[in-house]
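Asker: Structure below; questions to follow.
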2 protein chains.
Amino acid sequence: MRPSKRDELVRKALDIFYREGFHATGMDRLSAETGISKTTMFKHFRSKDELILAVLRLRDQEFRNWLFRRMGEAGAPHAQLLAMFDALAEWFATPGFRSCMFIKAASEYPDPDHPIHAQAAEHKRLLFRQVRELAAAAGAADADALARALLLLKDGAIVTAHLGHERAPAADAKAAAAVLLATLPA
Amino acid sequence: MRPSKRDELVRKALDIFYREGFHATGMDRLSAETGISKTTMFKHFRSKDELILAVLRLRDQEFRNWLFRRMGEAGAPHAQLLAMFDALAEWFATPGFRSCMFIKAASEYPDPDHPIHAQAAEHKRLLFRQVRELAAAAGAADADALARALLLLKDGAIVTAHLGHERAPAADAKAAAAVLLATLPA
DNA sequence: TATTATATGAACCGATCGGTACATAAATGC
DNA sequence: GCATTTATGTACCGATCGGTTCATATAATA
């Protein structure tokens with residue numbers, strides 16, 4: 001069982017799920033749009049839910065890699081934290097932008113005990129740890145609280161960029177973040 | 001055509017859609033759980049989408065009424081803006097809390113041109129106007145910017161409360177909001 | 001080259017999707 | 001009391017849902 005087909009399926013499924021939604025995308029249509037037969041799909045994944053879990057794991061990897069690489073280019077921790085919102089602004093300006101895959105997953109699987117919901121929560125947890133480390137490196141008295149506040153602004157900006165049809169929320173969030181960061185010891 | 005059955009349907013549909021999701025809830029199950037026959041449902045609404053639109057309009061009314069009544073109890077505009085996050089904390093602590101209905105609607109109907117998505121966006125717009133007025137009354141130099149920042153924190157807190165399984169985000173958002181509000185002329 | 005193990009796709013499964021036809025029950029006008 | 005309109009429920013529609021059966025194509029092993 002060569003893994004290429006599997007990877008190809010997960011990658012394409014990610015795009016379609018992100019664009020159309022999870023429940024709205026049937027396995028038949030997934031098969032039609034990817035050119036991969038249903039038999040093969042169910043050979044690699046026992047159920048649609050397991051495919052979605054694999055999609056979320058891939059998205060988590062790709063998104064955090066992208067975000068922290070972009071942030072890392074900013075230099076000092078303080079600047080990196082602010083750069084998060086510049087990265088968001090770029091993302092929002094992307095033609096295909098349709099909110100955060102994990103917020104969407106949690107919306108469609110609202111039961112917190114559902115594995116898909118739990119997987120989405122895991123992404124937010126991993127993201128938090130990395131931001132908290134940066135906040136600590138930036139000299140925050142309460143790195144946890146600062147990281148939580150910045151991520152609140154981030155998720156709010158994502159939702160607003162999608163729902164408000166605007167691309168500006170990233171700048172608003174950055175301005176608010178700058179105020180919060182200004183309370184740090186210089 | 002007495003409107004009682006129609007209102008009863010919209011009210012019950014709201015609860016079920018909120019708990020289970022839009023795509024995940026079929027019209028058959030809606031009929032079974034409400035005790036209202038499908039014929040009657042489709043007499044009042046030409047399609048499922050139109051029922052959802054009515055649900056969102058009701059939710060918009062109820063939510064904004066509830067929120068601004070709770071905020072109004074706080075007294076001065078400055079205190080009212082902060083009280084928004086106390087109201088959120090209460091909401092998050094509710095057993096049935098499952099995020100924001102409009103964020104969920106936008107997630108399930110990601111195309112901005114879809115009427116349901118547009119209806120959800122309208123709620124956010126109406127909410128913004130009311131918060132902006134309060135921000136102006138509180139003496140903000142840039143009431144628009146302050147309102148946008150506070151709503152960023154609000155939506156971020158909602159999403160985080162749902163996805164992170166925590167109830168604390170409201171307090172985090174309130175703390176951040178207090179910092180932003182502290183920049184106002186005393 | 002014959003054999004064997006695996007990957008693949010068409011066709012199909014019962015259940016459910018959003019939506020409708022039609023026959024009946026109830027309320028209204030006369 | 002009778003006719004007429006309106007609201008309701010049962011049963012059903014084709015399409016699609018997630019998932020499976022089974023026969024074939026392909027590739028590696030002997």
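Note on naming: chains are A, B, ... as they come in the structure tokens, residues start from 1 per chain, ligands start from 1 in the order shown.
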Give chain A as a PDB file with C-alpha atoms, in the first residue's frame once it has been least-squares superposed onto chain B over every C-alpha atom, paired in order.
Answerer:
```pdb
ATOM      1  CA  MET A   1     -52.898  30.305   9.175  1.00  0.00           C
ATOM      2  CA  ARG A   2     -52.373  30.966  12.834  1.00  0.00           C
ATOM      3  CA  PRO A   3     -48.817  32.060  13.568  1.00  0.00           C
ATOM      4  CA  SER A   4     -48.447  30.083  16.792  1.00  0.00           C
ATOM      5  CA  LYS A   5     -47.361  26.899  15.055  1.00  0.00           C
ATOM      6  CA  ARG A   6     -44.894  28.843  12.976  1.00  0.00           C
ATOM      7  CA  ASP A   7     -43.369  30.509  16.003  1.00  0.00           C
ATOM      8  CA  GLU A   8     -43.291  27.237  17.856  1.00  0.00           C
ATOM      9  CA  LEU A   9     -41.451  25.646  14.946  1.00  0.00           C
ATOM     10  CA  VAL A  10     -38.863  28.413  14.703  1.00  0.00           C
ATOM     11  CA  ARG A  11     -38.231  28.344  18.436  1.00  0.00           C
ATOM     12  CA  LYS A  12     -37.748  24.588  18.618  1.00  0.00           C
ATOM     13  CA  ALA A  13     -35.724  24.519  15.398  1.00  0.00           C
ATOM     14  CA  LEU A  14     -33.417  27.113  16.918  1.00  0.00           C
ATOM     15  CA  ASP A  15     -32.643  24.887  19.865  1.00  0.00           C
ATOM     16  CA  ILE A  16     -32.028  21.809  17.721  1.00  0.00           C
ATOM     17  CA  PHE A  17     -29.945  23.594  15.093  1.00  0.00           C
ATOM     18  CA  TYR A  18     -27.887  25.223  17.820  1.00  0.00           C
ATOM     19  CA  ARG A  19     -27.282  21.938  19.583  1.00  0.00           C
ATOM     20  CA  GLU A  20     -26.700  19.676  16.575  1.00  0.00           C
ATOM     21  CA  GLY A  21     -25.768  21.902  13.655  1.00  0.00           C
ATOM     22  CA  PHE A  22     -27.577  22.856  10.470  1.00  0.00           C
ATOM     23  CA  HIS A  23     -26.528  20.205   7.973  1.00  0.00           C
ATOM     24  CA  ALA A  24     -26.580  17.506  10.618  1.00  0.00           C
ATOM     25  CA  THR A  25     -30.253  18.207  11.352  1.00  0.00           C
ATOM     26  CA  GLY A  26     -32.636  16.898   8.716  1.00  0.00           C
ATOM     27  CA  MET A  27     -36.169  18.132   8.171  1.00  0.00           C
ATOM     28  CA  ASP A  28     -37.498  14.698   9.059  1.00  0.00           C
ATOM     29  CA  ARG A  29     -35.825  14.723  12.424  1.00  0.00           C
ATOM     30  CA  LEU A  30     -36.945  18.285  12.977  1.00  0.00           C
ATOM     31  CA  SER A  31     -40.498  17.146  12.301  1.00  0.00           C
ATOM     32  CA  ALA A  32     -40.140  14.174  14.645  1.00  0.00           C
ATOM     33  CA  GLU A  33     -38.654  16.188  17.505  1.00  0.00           C
ATOM     34  CA  THR A  34     -41.079  19.096  17.271  1.00  0.00           C
ATOM     35  CA  GLY A  35     -44.181  17.025  16.586  1.00  0.00           C
ATOM     36  CA  ILE A  36     -44.974  19.275  13.640  1.00  0.00           C
ATOM     37  CA  SER A  37     -45.551  17.541  10.342  1.00  0.00           C
ATOM     38  CA  LYS A  38     -43.337  18.232   7.357  1.00  0.00           C
ATOM     39  CA  THR A  39     -46.312  19.452   5.337  1.00  0.00           C
ATOM     40  CA  THR A  40     -46.930  22.150   7.895  1.00  0.00           C
ATOM     41  CA  MET A  41     -43.270  23.063   7.996  1.00  0.00           C
ATOM     42  CA  PHE A  42     -43.110  23.502   4.244  1.00  0.00           C
ATOM     43  CA  LYS A  43     -46.362  25.435   4.335  1.00  0.00           C
ATOM     44  CA  HIS A  44     -44.734  28.056   6.536  1.00  0.00           C
ATOM     45  CA  PHE A  45     -41.305  27.958   4.851  1.00  0.00           C
ATOM     46  CA  ARG A  46     -40.601  27.211   1.230  1.00  0.00           C
ATOM     47  CA  SER A  47     -37.296  25.516   2.025  1.00  0.00           C
ATOM     48  CA  LYS A  48     -34.985  24.504   4.837  1.00  0.00           C
ATOM     49  CA  ASP A  49     -32.825  27.535   4.068  1.00  0.00           C
ATOM     50  CA  GLU A  50     -35.755  29.881   4.661  1.00  0.00           C
ATOM     51  CA  LEU A  51     -36.462  28.220   7.987  1.00  0.00           C
ATOM     52  CA  ILE A  52     -32.826  28.715   8.945  1.00  0.00           C
ATOM     53  CA  LEU A  53     -33.052  32.385   7.963  1.00  0.00           C
ATOM     54  CA  ALA A  54     -36.060  32.789  10.249  1.00  0.00           C
ATOM     55  CA  VAL A  55     -34.183  31.010  13.024  1.00  0.00           C
ATOM     56  CA  LEU A  56     -31.226  33.380  12.635  1.00  0.00           C
ATOM     57  CA  ARG A  57     -33.491  36.421  12.724  1.00  0.00           C
ATOM     58  CA  LEU A  58     -35.059  35.198  15.952  1.00  0.00           C
ATOM     59  CA  ARG A  59     -31.662  34.449  17.449  1.00  0.00           C
ATOM     60  CA  ASP A  60     -30.369  37.895  16.507  1.00  0.00           C
ATOM     61  CA  GLN A  61     -33.319  39.509  18.244  1.00  0.00           C
ATOM     62  CA  GLU A  62     -33.095  37.402  21.376  1.00  0.00           C
ATOM     63  CA  PHE A  63     -29.333  37.571  21.710  1.00  0.00           C
ATOM     64  CA  ARG A  64     -28.965  41.317  21.297  1.00  0.00           C
ATOM     65  CA  ASN A  65     -31.920  41.955  23.583  1.00  0.00           C
ATOM     66  CA  TRP A  66     -30.405  39.760  26.252  1.00  0.00           C
ATOM     67  CA  LEU A  67     -26.878  41.112  25.931  1.00  0.00           C
ATOM     68  CA  PHE A  68     -27.710  44.811  25.981  1.00  0.00           C
ATOM     69  CA  ARG A  69     -30.228  44.430  28.774  1.00  0.00           C
ATOM     70  CA  ARG A  70     -27.523  42.786  30.867  1.00  0.00           C
ATOM     71  CA  MET A  71     -25.018  45.460  29.872  1.00  0.00           C
ATOM     72  CA  GLY A  72     -27.491  48.259  30.559  1.00  0.00           C
ATOM     73  CA  GLU A  73     -27.691  47.259  34.208  1.00  0.00           C
ATOM     74  CA  ALA A  74     -24.056  48.266  34.661  1.00  0.00           C
ATOM     75  CA  GLY A  75     -24.650  52.002  34.612  1.00  0.00           C
ATOM     76  CA  ALA A  76     -22.114  54.252  32.885  1.00  0.00           C
ATOM     77  CA  PRO A  77     -21.050  53.448  29.288  1.00  0.00           C
ATOM     78  CA  HIS A  78     -17.534  52.535  30.358  1.00  0.00           C
ATOM     79  CA  ALA A  79     -18.890  50.004  32.858  1.00  0.00           C
ATOM     80  CA  GLN A  80     -21.440  48.731  30.353  1.00  0.00           C
ATOM     81  CA  LEU A  81     -18.713  47.858  27.897  1.00  0.00           C
ATOM     82  CA  LEU A  82     -16.875  45.881  30.546  1.00  0.00           C
ATOM     83  CA  ALA A  83     -20.119  44.257  31.645  1.00  0.00           C
ATOM     84  CA  MET A  84     -20.381  42.677  28.210  1.00  0.00           C
ATOM     85  CA  PHE A  85     -17.722  40.215  29.298  1.00  0.00           C
ATOM     86  CA  ASP A  86     -19.500  39.423  32.546  1.00  0.00           C
ATOM     87  CA  ALA A  87     -22.555  38.553  30.498  1.00  0.00           C
ATOM     88  CA  LEU A  88     -20.390  36.329  28.303  1.00  0.00           C
ATOM     89  CA  ALA A  89     -19.032  34.560  31.376  1.00  0.00           C
ATOM     90  CA  GLU A  90     -22.579  33.754  32.468  1.00  0.00           C
ATOM     91  CA  TRP A  91     -23.446  32.503  29.015  1.00  0.00           C
ATOM     92  CA  PHE A  92     -20.374  30.268  28.824  1.00  0.00           C
ATOM     93  CA  ALA A  93     -21.290  28.718  32.170  1.00  0.00           C
ATOM     94  CA  THR A  94     -24.695  27.726  30.819  1.00  0.00           C
ATOM     95  CA  PRO A  95     -24.896  23.934  30.362  1.00  0.00           C
ATOM     96  CA  GLY A  96     -26.154  24.188  26.798  1.00  0.00           C
ATOM     97  CA  PHE A  97     -23.512  26.651  25.620  1.00  0.00           C
ATOM     98  CA  ARG A  98     -22.184  25.695  22.187  1.00  0.00           C
ATOM     99  CA  SER A  99     -20.552  28.762  20.713  1.00  0.00           C
ATOM    100  CA  CYS A 100     -22.169  31.520  18.668  1.00  0.00           C
ATOM    101  CA  MET A 101     -24.989  30.550  16.329  1.00  0.00           C
ATOM    102  CA  PHE A 102     -23.827  33.018  13.689  1.00  0.00           C
ATOM    103  CA  ILE A 103     -20.229  31.850  13.682  1.00  0.00           C
ATOM    104  CA  LYS A 104     -21.557  28.344  13.289  1.00  0.00           C
ATOM    105  CA  ALA A 105     -23.861  29.393  10.474  1.00  0.00           C
ATOM    106  CA  ALA A 106     -20.978  31.076   8.669  1.00  0.00           C
ATOM    107  CA  SER A 107     -18.895  27.936   9.184  1.00  0.00           C
ATOM    108  CA  GLU A 108     -21.510  25.685   7.661  1.00  0.00           C
ATOM    109  CA  TYR A 109     -22.334  28.097   4.836  1.00  0.00           C
ATOM    110  CA  PRO A 110     -18.834  29.401   4.092  1.00  0.00           C
ATOM    111  CA  ASP A 111     -19.716  31.093   0.829  1.00  0.00           C
ATOM    112  CA  PRO A 112     -20.124  34.795   1.713  1.00  0.00           C
ATOM    113  CA  ASP A 113     -22.739  35.174  -1.013  1.00  0.00           C
ATOM    114  CA  HIS A 114     -25.023  32.566   0.512  1.00  0.00           C
ATOM    115  CA  PRO A 115     -28.114  34.182   2.088  1.00  0.00           C
ATOM    116  CA  ILE A 116     -27.552  32.364   5.381  1.00  0.00           C
ATOM    117  CA  HIS A 117     -23.981  33.602   5.586  1.00  0.00           C
ATOM    118  CA  ALA A 118     -25.164  37.115   4.765  1.00  0.00           C
ATOM    119  CA  GLN A 119     -27.841  36.933   7.453  1.00  0.00           C
ATOM    120  CA  ALA A 120     -25.216  35.938  10.018  1.00  0.00           C
ATOM    121  CA  ALA A 121     -23.048  38.856   8.918  1.00  0.00           C
ATOM    122  CA  GLU A 122     -25.996  41.176   9.450  1.00  0.00           C
ATOM    123  CA  HIS A 123     -26.137  40.185  13.113  1.00  0.00           C
ATOM    124  CA  LYS A 124     -22.499  41.120  13.614  1.00  0.00           C
ATOM    125  CA  ARG A 125     -23.141  44.442  11.905  1.00  0.00           C
ATOM    126  CA  LEU A 126     -26.089  45.297  14.154  1.00  0.00           C
ATOM    127  CA  LEU A 127     -24.089  44.314  17.208  1.00  0.00           C
ATOM    128  CA  PHE A 128     -21.227  46.526  16.116  1.00  0.00           C
ATOM    129  CA  ARG A 129     -23.441  49.586  15.764  1.00  0.00           C
ATOM    130  CA  GLN A 130     -24.717  49.277  19.307  1.00  0.00           C
ATOM    131  CA  VAL A 131     -21.270  48.747  20.784  1.00  0.00           C
ATOM    132  CA  ARG A 132     -19.869  51.655  18.781  1.00  0.00           C
ATOM    133  CA  GLU A 133     -22.522  53.959  20.225  1.00  0.00           C
ATOM    134  CA  LEU A 134     -21.560  52.882  23.717  1.00  0.00           C
ATOM    135  CA  ALA A 135     -17.886  53.392  22.917  1.00  0.00           C
ATOM    136  CA  ALA A 136     -18.640  56.899  21.714  1.00  0.00           C
ATOM    137  CA  ALA A 137     -20.689  57.602  24.829  1.00  0.00           C
ATOM    138  CA  ALA A 138     -17.758  56.371  26.905  1.00  0.00           C
ATOM    139  CA  GLY A 139     -15.669  59.131  25.376  1.00  0.00           C
ATOM    140  CA  ALA A 140     -13.492  57.078  23.047  1.00  0.00           C
ATOM    141  CA  ALA A 141     -11.380  59.110  20.657  1.00  0.00           C
ATOM    142  CA  ASP A 142     -11.930  56.476  17.976  1.00  0.00           C
ATOM    143  CA  ALA A 143     -15.204  54.785  18.878  1.00  0.00           C
ATOM    144  CA  ASP A 144     -15.114  52.627  15.756  1.00  0.00           C
ATOM    145  CA  ALA A 145     -11.701  51.210  16.538  1.00  0.00           C
ATOM    146  CA  LEU A 146     -12.548  50.570  20.189  1.00  0.00           C
ATOM    147  CA  ALA A 147     -15.775  48.812  19.277  1.00  0.00           C
ATOM    148  CA  ARG A 148     -13.995  46.661  16.717  1.00  0.00           C
ATOM    149  CA  ALA A 149     -11.320  45.678  19.244  1.00  0.00           C
ATOM    150  CA  LEU A 150     -13.861  44.799  21.934  1.00  0.00           C
ATOM    151  CA  LEU A 151     -15.855  42.673  19.517  1.00  0.00           C
ATOM    152  CA  LEU A 152     -12.683  40.906  18.452  1.00  0.00           C
ATOM    153  CA  LEU A 153     -12.149  39.958  22.086  1.00  0.00           C
ATOM    154  CA  LYS A 154     -15.783  38.918  22.398  1.00  0.00           C
ATOM    155  CA  ASP A 155     -15.762  36.586  19.373  1.00  0.00           C
ATOM    156  CA  GLY A 156     -12.381  35.214  20.321  1.00  0.00           C
ATOM    157  CA  ALA A 157     -13.687  34.449  23.789  1.00  0.00           C
ATOM    158  CA  ILE A 158     -16.780  32.703  22.417  1.00  0.00           C
ATOM    159  CA  VAL A 159     -14.784  30.495  20.079  1.00  0.00           C
ATOM    160  CA  THR A 160     -12.220  29.694  22.754  1.00  0.00           C
ATOM    161  CA  ALA A 161     -14.877  28.892  25.341  1.00  0.00           C
ATOM    162  CA  HIS A 162     -16.379  26.382  22.951  1.00  0.00           C
ATOM    163  CA  LEU A 163     -13.230  24.927  21.432  1.00  0.00           C
ATOM    164  CA  GLY A 164     -11.027  25.035  24.509  1.00  0.00           C
ATOM    165  CA  HIS A 165     -13.701  23.532  26.762  1.00  0.00           C
ATOM    166  CA  GLU A 166     -12.856  26.294  29.174  1.00  0.00           C
ATOM    167  CA  ARG A 167     -15.122  28.832  30.782  1.00  0.00           C
ATOM    168  CA  ALA A 168     -12.369  31.288  31.627  1.00  0.00           C
ATOM    169  CA  PRO A 169     -11.950  33.122  28.290  1.00  0.00           C
ATOM    170  CA  ALA A 170     -14.517  35.718  29.280  1.00  0.00           C
ATOM    171  CA  ALA A 171     -12.331  36.816  32.191  1.00  0.00           C
ATOM    172  CA  ASP A 172      -9.270  36.943  29.938  1.00  0.00           C
ATOM    173  CA  ALA A 173     -11.157  39.031  27.419  1.00  0.00           C
ATOM    174  CA  LYS A 174     -12.411  41.326  30.164  1.00  0.00           C
ATOM    175  CA  ALA A 175      -8.891  41.879  31.459  1.00  0.00           C
ATOM    176  CA  ALA A 176      -7.661  42.746  27.975  1.00  0.00           C
ATOM    177  CA  ALA A 177     -10.659  44.994  27.419  1.00  0.00           C
ATOM    178  CA  ALA A 178      -9.899  46.801  30.664  1.00  0.00           C
ATOM    179  CA  VAL A 179      -6.414  47.580  29.383  1.00  0.00           C
ATOM    180  CA  LEU A 180      -7.849  48.966  26.162  1.00  0.00           C
ATOM    181  CA  LEU A 181     -10.470  50.971  28.029  1.00  0.00           C
ATOM    182  CA  ALA A 182      -7.841  52.416  30.366  1.00  0.00           C
ATOM    183  CA  THR A 183      -6.515  54.467  27.420  1.00  0.00           C
ATOM    184  CA  LEU A 184      -9.779  56.424  27.403  1.00  0.00           C
ATOM    185  CA  PRO A 185      -9.832  59.995  28.755  1.00  0.00           C
ATOM    186  CA  ALA A 186     -10.868  59.801  32.394  1.00  0.00           C
TER     187      ALA A 186
END
```
Asker: What residues in chain C have any atom no more than 10 Å from chain A when counting only C-alpha atoms (C1' of nucleotides), and can you write them as a list in words?
Answerer: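 Per the criterion, chain C yields DT6, DA7, DT8, DG9 and DA10 of chain C.
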Asker: With a cut-off of 8 Å, could you pull out the residues of chain D touching chain A and give me the nearest pair of atoms for each, distance in Å to one decimal, using only C-alpha atoms (C1' of nucleotides), ordered by chain and ascending number, as a tab-separated table?
Answerer:
```
residue	atom	partner	partner_atom	distance
D:DC17	C1'	A:Gly26	CA	7.1
D:DG18	C1'	A:Met27	CA	7.3
D:DG19	C1'	A:Ser47	CA	8.0
```
Asker: Set the distance at 12 Å and use only C-alpha atoms (C1' of nucleotides): which residues neighbour DC12 of chain C once local chain neighbours fewer than 6 positions away are removed? I'd like the list as a list in words.
Answerer: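 Skipping anything fewer than 6 positions along the chain leaves DG19, DT20, DT21 and DC22 of chain D.
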Asker: Using DSSP on the backbone coordinates, identify all residues within segment 2-144 of chain B classified as helix (DSSP H, G or I); present the result as number ranges by chain.
Answerer: B: 3-20, 27-34, 38-44, 48-72, 77-93, 101-108, 115-137, 143-144
